[in-house]
Amino acid sequence: MVHTSVQKFSDDFERQMKRKNFSTPKNYLDFLSNYQRLLEHNRIKYSDMIIRYQNGLSKLIDAASQVQVLQQELEIKQVEVNQEKEQVEALIEDIKQKTDIASKH
């Protein structure tokens with residue numbers, strides 16, 4: 001009913017004022033409004049996802065550099081541990097020899 005009366009009034013308006021009047025259906029305006037709202041929602045959503053991705057990526061890069069530093073420290077400590085292990089094994093061997101000598105006497 002309303003949409004047909006709008007057309008009639010538009011025709012009357014054109015005859016009287018010598019200007020065109022265009023009307024847009026309400027459902028199309030609702031469609032545009034919903035599209036605009038959805039677009040804004042998705043922009044916010046995806047910008048938040050981009051920020052999370054960038055933060056995660058920077059954390060991974062930091063972790064990789066920390067792992068590399070720890071790996072180098074581990075190699076240094078491994079050499080020290082191996083040296084101390086050799087000293088302890090030599091000390092144990094010396095103690096065994098002295099124990100054997102002491103037990104024979």
# chains A, B, ... in the order shown; residues from 1 in each chain; ligands from 1
$ residues_around --residues "region 2-15 of chain A" --least-positions-apart "5" --cutoff "10 Å" --atoms "only C-alpha atoms" --output "MDAnalysis selection string"
chainID A and resid 20:26
$ write_last_selection --atoms "N, CA and C atoms" --output "JSON list (two decimals), in the first residue's frame"
[["chain", "number", "residue", "atom", "x", "y", "z"],
["A", 20, "LYS", "N", 11.90, 15.44, -10.50],
["A", 20, "LYS", "CA", 11.71, 14.01, -10.22],
["A", 20, "LYS", "C", 11.90, 13.75, -8.73],
["A", 21, "ASN", "N", 11.20, 12.79, -8.24],
["A", 21, "ASN", "CA", 11.35, 12.33, -6.87],
["A", 21, "ASN", "C", 11.59, 10.82, -6.91],
["A", 22, "PHE", "N", 12.69, 10.40, -6.35],
["A", 22, "PHE", "CA", 13.01, 8.97, -6.35],
["A", 22, "PHE", "C", 12.88, 8.44, -4.93],
["A", 23, "SER", "N", 12.33, 7.27, -4.82],
["A", 23, "SER", "CA", 12.20, 6.64, -3.51],
["A", 23, "SER", "C", 12.95, 5.31, -3.53],
["A", 24, "THR", "N", 13.55, 5.04, -2.42],
["A", 24, "THR", "CA", 14.31, 3.80, -2.28],
["A", 24, "THR", "C", 13.54, 2.89, -1.33],
["A", 25, "PRO", "N", 13.36, 1.65, -1.69],
["A", 25, "PRO", "CA", 12.63, 0.73, -0.81],
["A", 25, "PRO", "C", 13.33, 0.58, 0.55],
["A", 26, "LYS", "N", 12.53, 0.47, 1.59],
["A", 26, "LYS", "CA", 13.07, 0.38, 2.94],
["A", 26, "LYS", "C", 13.95, -0.85, 3.11]]
